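What follows is a set of notes on a single structure, which appears directly below.
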Amino acid sequence: MTTMAQSYSDRSDEPEIYFSEDFDFDNFKQTYNDDVDDLRAYVDRCEKNRDVINCAWEGKSPDLKKGEGAFPHEGASDTEVFLVKQKIRNNDALRTNALRKSTIRAYPRESSDVDRSAEVSVFLRWLRDNGIPNFQQEMELSGYYGDETGLMVTYCGWRAKKQSYLKLFDIDQIAETLPELAEIWMDEDRVDEAMELFNSVEGWELNEARVKKALKQLRKSGVAEIPVTVKENSEADVRTLMPDADVILPAYTVNYQDAPRMHIRMLMSAQELLNRVSSEGWDEEWANYVIENHRGIDQSKFYNPNSVQSYRRIGRIARITNERARDTIEVALTFERLIDDSDNAEGIYLTVWCPEMTEQDGTPNVAKRVLLSGRKNYPVVITKTSLGKTLYDGITLPELLRAPQKNQKTLRDSYMDESGWSISPTIWAPAGVDASGMGPGAVISGPTGRKPEYIDRPSSFAPNLNLEKLLVDEANQIAGQDPNDPLSVQLQQHNIGQYLSHVQNVLKMTYETWKLDGPEELFLRVTGNPEPVQFTKKEDEGEMDITVSFNSTYDDPEKVEKMLAGLYQVLQNDQGGRVNSEAITDMALSALDPTLADLVLMPSEQGSAKIVNETTNDIAKMAAGIPVGAPQNAGQARLQIVQDYKQSQTGAMELQSKPQFQFLLAEYEKQLTFQLQQLQNAEIGKVGAQPAQMGGTVTQGMNEQGS
């Protein structure tokens with residue numbers, strides 16, 4: 001196997017297959033540049049799509065008038081029609097609404113993970129609502145890029161931050177409580193001992209030179225500020241990437257998780273880069289070098305101010321302005337699937353580097369190059385919005401709507417031009433007169449004594465607005481935004497489902513990343529619970545199926561009402577007890593408002609325990625002679641608890657010795673029985689007959705009564 005590895009390494013112009021300690025930076029960078037060049041056709045397609053979305057074309061002027069030599073004449077109408085952008089904005093609203101009202105659940109694949117799945121479901125909802133910074137905006141951006149480029153791409157990482165602050169020390173106060181410590185700090189011959197004490201404090205990281213300087217100041221003035229670096233709570237790092245600029249895969253890629261490599265480009269400030277040095281172990285010498293030599297992006301390589309497509313090249317560097325670019329550093333994270341030639345094991349390796357760097361003597365070429373232990377997949381989620389042979393094939397929304405938008409613009413331009421000619425036509429003049437001013441409303445000077453005449457008389461111009469409506473209707477059908485077209489509605493639901501599938505995979509990837517790189521435990525604040533919930537890693541946890549679902553029926557109050565009425569009708573007619581009443585309650589509250597469901601609902605076990613506790617507490621109060629009214633829910637379950645108590649030895653003795661208790665408990669039972677009779681009367685009114693019974697027990701609707 002070593003021989004095979006050597007044969008590949010001899011081909012210095014080919015991408016790496018085996019991981020080698022002898023890193024060939026030049027070949028690595030050449031592979032990156034080749035991957036970028038191979039995507040030129042896709043990038044050009046995306047740039048043309050942005051032209052369509054942003055109404056950018058050659059010769060466009062701020063006053064929306066055509067220039068010299070244009071057809072039909074200079075100054076003709078050159079209007080903007082943002083048909084495609086409007087459809088994308090509508091899609092954004094539909095997707096965002098679906099995400100906010102979505103139901104998120106984790107389902108176990110093994111019976112041992114049933115309890116854990118409920119905890120994971122809470123954790124995932126927390127990620128959506130609070131745990132991932134700017135999650136709603138990032139997901140909205142991914143949907144926008146999906147419409148624009150045909151791909152939704154989201155990076156899912158987990159990062160820890162370190163923060164420095166100055167801690168004030170007063171030697172007099174320290175001497176009062178810890179005289180031995182003050183003695184060490186004040187002795188200049190015991191500086192090393194003082195450093196050991198500082199470093200023994202858990203969570204502190206100190207710069208030795210700065211601490212020694214502060215101790216010197218402390219001995220001199222009795223007061224000093226010592227800089228302390230502490231590790232802050234880590235957080236999810238979820239970013240939507242521009243598919244044609246920020247993520248680069250081989251052009252032939254079909255399944256991105258099977259690709260041999262993936263490059264992710266990020267723009268970082270010097271402060272963020274140096275923070276990664278301390279928090280993630282990036283090479284400090286490399287960081288200082290790129291900050292010194294490659295801080296700020298040379299946009300002259302991307303930006304041609306004389307080209308109508310000038311804004312496109314800025315898109316290749318995340319469309320930043322010159323002012324912002326001067327403070328940023330282009331950093332690339334390259335993930336590779338490489339083989340360890342010692343055992344043929346495949347692993348994902350991460351290389352952090354700067355594409356602006358070249359081979360430098362004495363300076364590290366990369367900030368980090370390491371095997372990502374435990375990681376099976378790239379920390380990225382990519383979703384295609386249309387079918388295609390490869391990842392970069394398929395048709396996009398701007399390409400589908402380009403013709404309707406162009407035709408609508410042509411119609412509007414012609415309406416404007418025709419109305420101008422009709423309202424104020426050109427005036428005729430004799431030969432020899434300068435006619436360069438010909439156009440709507442123009443007056444041409446002629447010889448004295450000649451009466452000017454109109455070339456054509458004003459006409460009754462009537463634009464065909466129905467034709468423009470047909471174009472808009474066509475665009476609505478293509479975009480899935482025609483509520484009167486059943487197929488269009490199906491397309492809309494498909495698009496929303498595709499988007500939620502992307503969100504689902506992002507949450508799942510973020511959860512898997514937390515298990516690999518996150519802290520051992522997190523404290524979550526979830527809706528409906530004033531106290532934080534502790535969520536801890538579980539080593540033997542199996543993989544779970546995560547779903548993010550949204551039913552468009554929930555957007556129609558009438559449909560929701562009919563759906564819930566139908567569900568409760570099924571529940572009432574359930575003779576075999578097969579319908580889960582708790583699941584219907586969950587669904588009903590989720591249909592009304594998912595946030596309300598999170599606030600109101602409790603786990604089924606907790607709900608049953610609550611009924612038992614409430615009823616037994618009522619019995620204890622009545623045993624003490626305190627009258628108690630029966631609660632207005634779960635009458636059947638509470639009656640059963642009372643019956644069980646009466647049949648117990650303790651209950652029988654208490655009732656026999658306390659007549660008042662016997663009376664109060666009998667009244668309590670009457671109230672519960674009355675509740676059940678009310679439910680039975682309501683059922684009789686619905687079905688027109690006495691509810692089903694078995695002996696003296698009402699069985700029809702029992703499932704509902706006991707819920």
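Identifiers for the structure tokens are assigned positionally: chains receive A, B, ... in sequence, residues are indexed from 1 per chain, and ligands are indexed from 1 in the order shown.
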| said: Excluding region 29-41 of chain A and its own-chain neighbours fewer than 3 positions away, which residues fall within 8 Å of it when counting only C-alpha atoms? Please give them as a PyMOL selection string. | reply: chain A and resi 13-15+25-26+44-45+248-251+263+355
| said: Among region 97-252 of chain A, which residues does DSSP mark as strand (DSSP E or B) when it is run on the backbone? Keep the chain and numbering as in the structure and answer as an MDAnalysis selection string. | reply: chainID A and resid 103:108 151:159 162:170 204:205 223:231 235:240 247:248
| message | Report as a list in words all protein, DNA and RNA residues lying within 12 Å of Asn466 (chain A), evaluated on only C-alpha atoms, omitting residues in the same chain fewer than 5 positions from it. | response |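 Within the cut-off, the hits are Gln408, Leu411, Leu471, Val472 and Asp473 of chain A.
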| said: When you count only C-alpha atoms, which of these residues is closest to Val52 (chain A): A:Ile291, A:Ile88, A:Leu372, A:Val120? | reply: A:Ile88
| request: Would you list the contacts of region 488-495 of chain A as a count of residues only, taking every protein, DNA or RNA residue within 9 Å and counting only C-alpha atoms, but skipping same-chain residues closer than 3 positions in sequence? | output: 19
| Contacts of region 502-517 of chain A at 9 Å or less, counting only C-alpha atoms, minus same-chain residues fewer than 4 places along, as a ChimeraX atom specification? | /A:99,104,120,123-124,127-128,139,142,152-159,235-238,373-375,379-383,497-498,537-539,544-549
Expected file: the selected residues, N, CA, C and O atoms, as a short mmCIF file (atom, residue, chain, number, x, y, z; two decimals), in the first residue's frame:
```cif
data_model
loop_
_atom_site.label_atom_id
_atom_site.label_comp_id
_atom_site.auth_asym_id
_atom_site.auth_seq_id
_atom_site.Cartn_x
_atom_site.Cartn_y
_atom_site.Cartn_z
N LEU A 99 -41.76 27.84 8.71
CA LEU A 99 -40.74 27.51 9.71
C LEU A 99 -41.19 27.93 11.10
O LEU A 99 -41.00 27.19 12.08
N ILE A 104 -41.34 20.30 15.42
CA ILE A 104 -40.03 19.66 15.39
C ILE A 104 -40.02 18.50 16.39
O ILE A 104 -40.35 18.69 17.56
N VAL A 120 -34.31 15.39 23.25
CA VAL A 120 -33.71 15.90 22.02
C VAL A 120 -34.69 16.79 21.27
O VAL A 120 -34.30 17.81 20.68
N PHE A 123 -34.46 20.09 22.80
CA PHE A 123 -33.19 20.71 22.42
C PHE A 123 -33.24 21.27 21.01
O PHE A 123 -32.75 22.38 20.75
N LEU A 124 -33.86 20.55 20.08
CA LEU A 124 -33.95 21.00 18.69
C LEU A 124 -34.83 22.24 18.58
O LEU A 124 -34.52 23.16 17.81
N LEU A 127 -32.79 25.09 19.69
CA LEU A 127 -31.87 25.51 18.64
C LEU A 127 -32.56 26.44 17.65
O LEU A 127 -32.02 27.47 17.25
N ARG A 128 -33.76 26.06 17.24
CA ARG A 128 -34.50 26.88 16.28
C ARG A 128 -34.85 28.24 16.84
O ARG A 128 -34.71 29.26 16.15
N MET A 139 -31.80 30.84 7.64
CA MET A 139 -32.65 29.93 6.87
C MET A 139 -33.40 30.68 5.77
O MET A 139 -33.60 30.16 4.67
N SER A 142 -30.99 31.07 3.00
CA SER A 142 -30.76 29.83 2.26
C SER A 142 -31.88 29.60 1.26
O SER A 142 -31.63 29.14 0.14
N MET A 152 -29.37 25.34 -1.85
CA MET A 152 -29.37 25.88 -0.50
C MET A 152 -28.18 25.26 0.23
O MET A 152 -28.09 24.03 0.31
N VAL A 153 -27.29 26.09 0.73
CA VAL A 153 -26.05 25.60 1.35
C VAL A 153 -25.90 26.24 2.74
O VAL A 153 -25.90 27.47 2.86
N THR A 154 -25.77 25.41 3.76
CA THR A 154 -25.62 25.91 5.13
C THR A 154 -24.49 25.16 5.83
O THR A 154 -24.48 23.93 5.84
N TYR A 155 -23.57 25.91 6.41
CA TYR A 155 -22.47 25.36 7.20
C TYR A 155 -22.92 25.22 8.65
O TYR A 155 -23.54 26.15 9.20
N CYS A 156 -22.62 24.09 9.27
CA CYS A 156 -23.03 23.82 10.66
C CYS A 156 -21.80 23.51 11.50
O CYS A 156 -21.24 22.41 11.40
N GLY A 157 -21.38 24.45 12.30
CA GLY A 157 -20.23 24.25 13.16
C GLY A 157 -20.57 24.54 14.61
O GLY A 157 -21.70 24.88 14.95
N TRP A 158 -19.59 24.40 15.47
CA TRP A 158 -19.74 24.74 16.90
C TRP A 158 -18.44 25.39 17.35
O TRP A 158 -17.36 24.83 17.16
N ARG A 159 -18.55 26.58 17.90
CA ARG A 159 -17.33 27.30 18.25
C ARG A 159 -17.37 27.79 19.69
O ARG A 159 -18.44 28.06 20.24
N GLU A 235 -21.21 28.24 21.33
CA GLU A 235 -22.49 28.37 20.65
C GLU A 235 -22.40 27.78 19.26
O GLU A 235 -21.32 27.59 18.70
N ALA A 236 -23.55 27.48 18.70
CA ALA A 236 -23.62 26.95 17.35
C ALA A 236 -23.18 28.01 16.35
O ALA A 236 -23.50 29.19 16.50
N ASP A 237 -22.44 27.58 15.35
CA ASP A 237 -21.98 28.47 14.28
C ASP A 237 -22.63 28.00 12.99
O ASP A 237 -22.10 27.16 12.28
N VAL A 238 -23.81 28.52 12.70
CA VAL A 238 -24.59 28.13 11.52
C VAL A 238 -24.62 29.30 10.55
O VAL A 238 -25.09 30.39 10.90
N SER A 373 -11.64 13.76 14.14
CA SER A 373 -11.95 12.47 14.75
C SER A 373 -13.44 12.36 15.04
O SER A 373 -14.05 13.26 15.62
N GLY A 374 -14.02 11.23 14.64
CA GLY A 374 -15.43 10.97 14.90
C GLY A 374 -16.38 11.52 13.87
O GLY A 374 -17.56 11.18 13.87
N ARG A 375 -15.90 12.37 12.98
CA ARG A 375 -16.80 12.97 11.98
C ARG A 375 -16.89 12.07 10.76
O ARG A 375 -15.88 11.70 10.16
N PRO A 379 -19.43 19.02 7.52
CA PRO A 379 -20.35 19.81 8.36
C PRO A 379 -21.14 20.83 7.55
O PRO A 379 -21.23 22.00 7.91
N VAL A 380 -21.71 20.38 6.46
CA VAL A 380 -22.45 21.25 5.55
C VAL A 380 -23.70 20.52 5.10
O VAL A 380 -23.69 19.30 4.93
N VAL A 381 -24.78 21.26 4.92
CA VAL A 381 -26.01 20.72 4.37
C VAL A 381 -26.30 21.43 3.05
O VAL A 381 -26.34 22.66 3.00
N ILE A 382 -26.46 20.66 1.98
CA ILE A 382 -26.75 21.22 0.66
C ILE A 382 -28.02 20.57 0.13
O ILE A 382 -28.16 19.34 0.14
N THR A 383 -28.95 21.38 -0.33
CA THR A 383 -30.22 20.90 -0.87
C THR A 383 -30.42 21.48 -2.25
O THR A 383 -30.38 22.71 -2.43
N GLY A 497 -42.02 21.95 1.53
CA GLY A 497 -41.49 20.70 2.08
C GLY A 497 -40.01 20.55 1.83
O GLY A 497 -39.26 20.07 2.69
N GLN A 498 -39.56 20.96 0.65
CA GLN A 498 -38.14 20.89 0.30
C GLN A 498 -37.33 21.81 1.21
O GLN A 498 -36.24 21.44 1.69
N LYS A 537 -24.75 15.45 27.35
CA LYS A 537 -24.41 14.44 26.35
C LYS A 537 -24.63 13.04 26.91
O LYS A 537 -24.44 12.79 28.10
N LYS A 538 -25.02 12.15 26.02
CA LYS A 538 -25.24 10.75 26.39
C LYS A 538 -24.42 9.89 25.45
O LYS A 538 -24.65 9.85 24.24
N GLU A 539 -23.42 9.21 26.01
CA GLU A 539 -22.44 8.50 25.19
C GLU A 539 -23.07 7.37 24.37
O GLU A 539 -22.70 7.16 23.22
N MET A 544 -30.99 9.31 15.70
CA MET A 544 -32.43 9.55 15.72
C MET A 544 -32.89 10.13 14.39
O MET A 544 -32.13 10.75 13.67
N ASP A 545 -34.18 9.92 14.11
CA ASP A 545 -34.81 10.52 12.94
C ASP A 545 -35.43 11.83 13.38
O ASP A 545 -36.26 11.87 14.30
N ILE A 546 -35.05 12.91 12.72
CA ILE A 546 -35.51 14.25 13.08
C ILE A 546 -36.43 14.76 11.98
O ILE A 546 -36.10 14.67 10.79
N THR A 547 -37.59 15.28 12.37
CA THR A 547 -38.53 15.80 11.38
C THR A 547 -38.88 17.25 11.72
O THR A 547 -39.01 17.62 12.88
N VAL A 548 -39.02 18.05 10.67
CA VAL A 548 -39.55 19.41 10.77
C VAL A 548 -40.71 19.47 9.80
O VAL A 548 -40.52 19.43 8.58
N SER A 549 -41.92 19.53 10.32
CA SER A 549 -43.10 19.43 9.46
C SER A 549 -44.01 20.62 9.66
O SER A 549 -44.06 21.23 10.73
#
```
| message | Need to verify the contact set: Phe523 (chain A), 9 Å, only C-alpha atoms, exclusion of same-chain residues closer than 4 positions in sequence. Can you return it as number ranges by chain? | response | A: 532-536
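Distance-wise, CA of Asp644 (chain A) and CA of Thr616 (chain A) end up 10.8 Å apart.
Distance check against Asn344 (chain A) using only C-alpha atoms: of A:Ile17, A:Pro243, A:Gly131, A:Tyr145, the minimum falls on A:Ile17.
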| said: Neighbouring residues of region 66-70 of chain A were defined as those with any atom within 12 Å, considering only C-alpha atoms; residues of the same chain fewer than 4 positions away were excluded. Please report them as a list in words. | reply: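 The neighbour list is Trp57, Glu58, Gly59, Lys60, Ser61, Pro62, Glu74, Gly75, Ala76, Ser77, Asp78, Thr79, Asp413, Asp417 and Ser436 of chain A.
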Would you put the residues from that selection into a file with all heavy atoms, as a tab-separated table (two decimals), in the first residue's frame?
```tsv
chain	number	residue	atom	x	y	z
A	57	TRP	N	-29.09	45.52	-16.82
A	57	TRP	CA	-28.82	45.27	-18.24
A	57	TRP	C	-27.91	46.36	-18.79
A	57	TRP	O	-27.76	47.42	-18.19
A	57	TRP	CB	-30.12	45.20	-19.05
A	57	TRP	CG	-30.97	46.44	-18.95
A	57	TRP	CD1	-30.82	47.60	-19.64
A	57	TRP	CD2	-32.10	46.64	-18.08
A	57	TRP	NE1	-31.77	48.51	-19.27
A	57	TRP	CE2	-32.58	47.95	-18.33
A	57	TRP	CE3	-32.75	45.84	-17.15
A	57	TRP	CZ2	-33.68	48.47	-17.66
A	57	TRP	CZ3	-33.85	46.36	-16.49
A	57	TRP	CH2	-34.30	47.66	-16.74
A	58	GLU	N	-27.31	46.06	-19.90
A	58	GLU	CA	-26.35	46.98	-20.51
A	58	GLU	C	-27.07	48.24	-20.98
A	58	GLU	O	-28.13	48.18	-21.60
A	58	GLU	CB	-25.66	46.31	-21.69
A	58	GLU	CG	-24.49	47.11	-22.23
A	58	GLU	CD	-23.71	46.33	-23.27
A	58	GLU	OE1	-24.06	45.16	-23.52
A	58	GLU	OE2	-22.74	46.91	-23.81
A	59	GLY	N	-26.48	49.39	-20.69
A	59	GLY	CA	-27.04	50.67	-21.12
A	59	GLY	C	-28.10	51.22	-20.19
A	59	GLY	O	-28.71	52.25	-20.51
A	60	LYS	N	-28.33	50.59	-19.06
A	60	LYS	CA	-29.37	51.07	-18.14
A	60	LYS	C	-28.95	52.40	-17.52
A	60	LYS	O	-27.80	52.57	-17.11
A	60	LYS	CB	-29.61	50.03	-17.05
A	60	LYS	CG	-30.69	50.42	-16.04
A	60	LYS	CD	-30.87	49.31	-15.01
A	60	LYS	CE	-31.90	49.71	-13.95
A	60	LYS	NZ	-32.08	48.66	-12.94
A	61	SER	N	-29.89	53.35	-17.45
A	61	SER	CA	-29.59	54.67	-16.90
A	61	SER	C	-30.47	54.93	-15.69
A	61	SER	O	-31.56	54.33	-15.56
A	61	SER	CB	-29.82	55.76	-17.95
A	61	SER	OG	-31.18	55.77	-18.36
A	62	PRO	N	-30.05	55.82	-14.78
A	62	PRO	CA	-30.83	56.08	-13.56
A	62	PRO	C	-32.22	56.61	-13.83
A	62	PRO	O	-33.13	56.39	-13.02
A	62	PRO	CB	-29.97	57.11	-12.82
A	62	PRO	CG	-28.59	56.93	-13.35
A	62	PRO	CD	-28.76	56.52	-14.78
A	74	GLU	N	-34.00	57.46	-28.95
A	74	GLU	CA	-33.38	57.94	-27.73
A	74	GLU	C	-34.44	58.53	-26.80
A	74	GLU	O	-35.32	59.26	-27.24
A	74	GLU	CB	-32.33	59.01	-28.06
A	74	GLU	CG	-31.61	59.56	-26.84
A	74	GLU	CD	-30.59	60.62	-27.20
A	74	GLU	OE1	-30.32	60.81	-28.40
A	74	GLU	OE2	-30.07	61.27	-26.27
A	75	GLY	N	-34.34	58.18	-25.52
A	75	GLY	CA	-35.31	58.67	-24.55
A	75	GLY	C	-36.54	57.80	-24.42
A	75	GLY	O	-37.45	58.13	-23.66
A	76	ALA	N	-36.57	56.68	-25.17
A	76	ALA	CA	-37.71	55.77	-25.04
A	76	ALA	C	-37.73	55.14	-23.64
A	76	ALA	O	-36.73	55.12	-22.93
A	76	ALA	CB	-37.64	54.69	-26.10
A	77	SER	N	-38.89	54.61	-23.26
A	77	SER	CA	-39.06	54.04	-21.92
A	77	SER	C	-38.15	52.83	-21.73
A	77	SER	O	-37.98	52.01	-22.62
A	77	SER	CB	-40.52	53.64	-21.72
A	77	SER	OG	-40.68	53.01	-20.48
A	78	ASP	N	-37.56	52.74	-20.54
A	78	ASP	CA	-36.69	51.61	-20.19
A	78	ASP	C	-37.01	51.21	-18.74
A	78	ASP	O	-36.18	51.31	-17.84
A	78	ASP	CB	-35.23	52.02	-20.32
A	78	ASP	CG	-34.30	50.82	-20.50
A	78	ASP	OD1	-34.80	49.73	-20.81
A	78	ASP	OD2	-33.09	50.98	-20.33
A	79	THR	N	-38.23	50.75	-18.50
A	79	THR	CA	-38.74	50.53	-17.15
A	79	THR	C	-38.15	49.28	-16.50
A	79	THR	O	-37.65	48.38	-17.18
A	79	THR	CB	-40.27	50.40	-17.16
A	79	THR	OG1	-40.62	49.31	-18.02
A	79	THR	CG2	-40.93	51.66	-17.65
A	413	ASP	N	-42.91	49.06	-21.66
A	413	ASP	CA	-42.16	50.05	-22.45
A	413	ASP	C	-42.97	50.52	-23.65
A	413	ASP	O	-43.01	51.71	-23.97
A	413	ASP	CB	-40.83	49.45	-22.92
A	413	ASP	CG	-39.81	49.35	-21.79
A	413	ASP	OD1	-39.97	50.04	-20.78
A	413	ASP	OD2	-38.84	48.57	-21.94
A	417	ASP	N	-44.20	54.28	-24.50
A	417	ASP	CA	-43.79	54.95	-25.74
A	417	ASP	C	-45.00	55.30	-26.60
A	417	ASP	O	-45.09	56.40	-27.14
A	417	ASP	CB	-42.84	54.04	-26.52
A	417	ASP	CG	-41.52	53.83	-25.79
A	417	ASP	OD1	-41.19	54.65	-24.92
A	417	ASP	OD2	-40.84	52.82	-26.08
A	436	SER	N	-33.50	66.56	-36.13
A	436	SER	CA	-32.85	65.71	-35.14
A	436	SER	C	-33.63	65.63	-33.84
A	436	SER	O	-33.41	64.75	-33.03
A	436	SER	CB	-31.43	66.23	-34.85
A	436	SER	OG	-31.51	67.56	-34.32
```
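Of the listed residues A:Ile619, A:Val191, A:Leu350, A:Ala630, the one whose atoms come nearest to Phe674 (chain A) is A:Ala630, with distances taken using only C-alpha atoms.
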| With only C-alpha atoms as the atoms that count, which of A:Leu639, A:Asp92, A:Glu80, A:Ala160 lies nearest to Lys65 (chain A)? |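 The answer is A:Glu80, which sits nearest to Lys65 (chain A).
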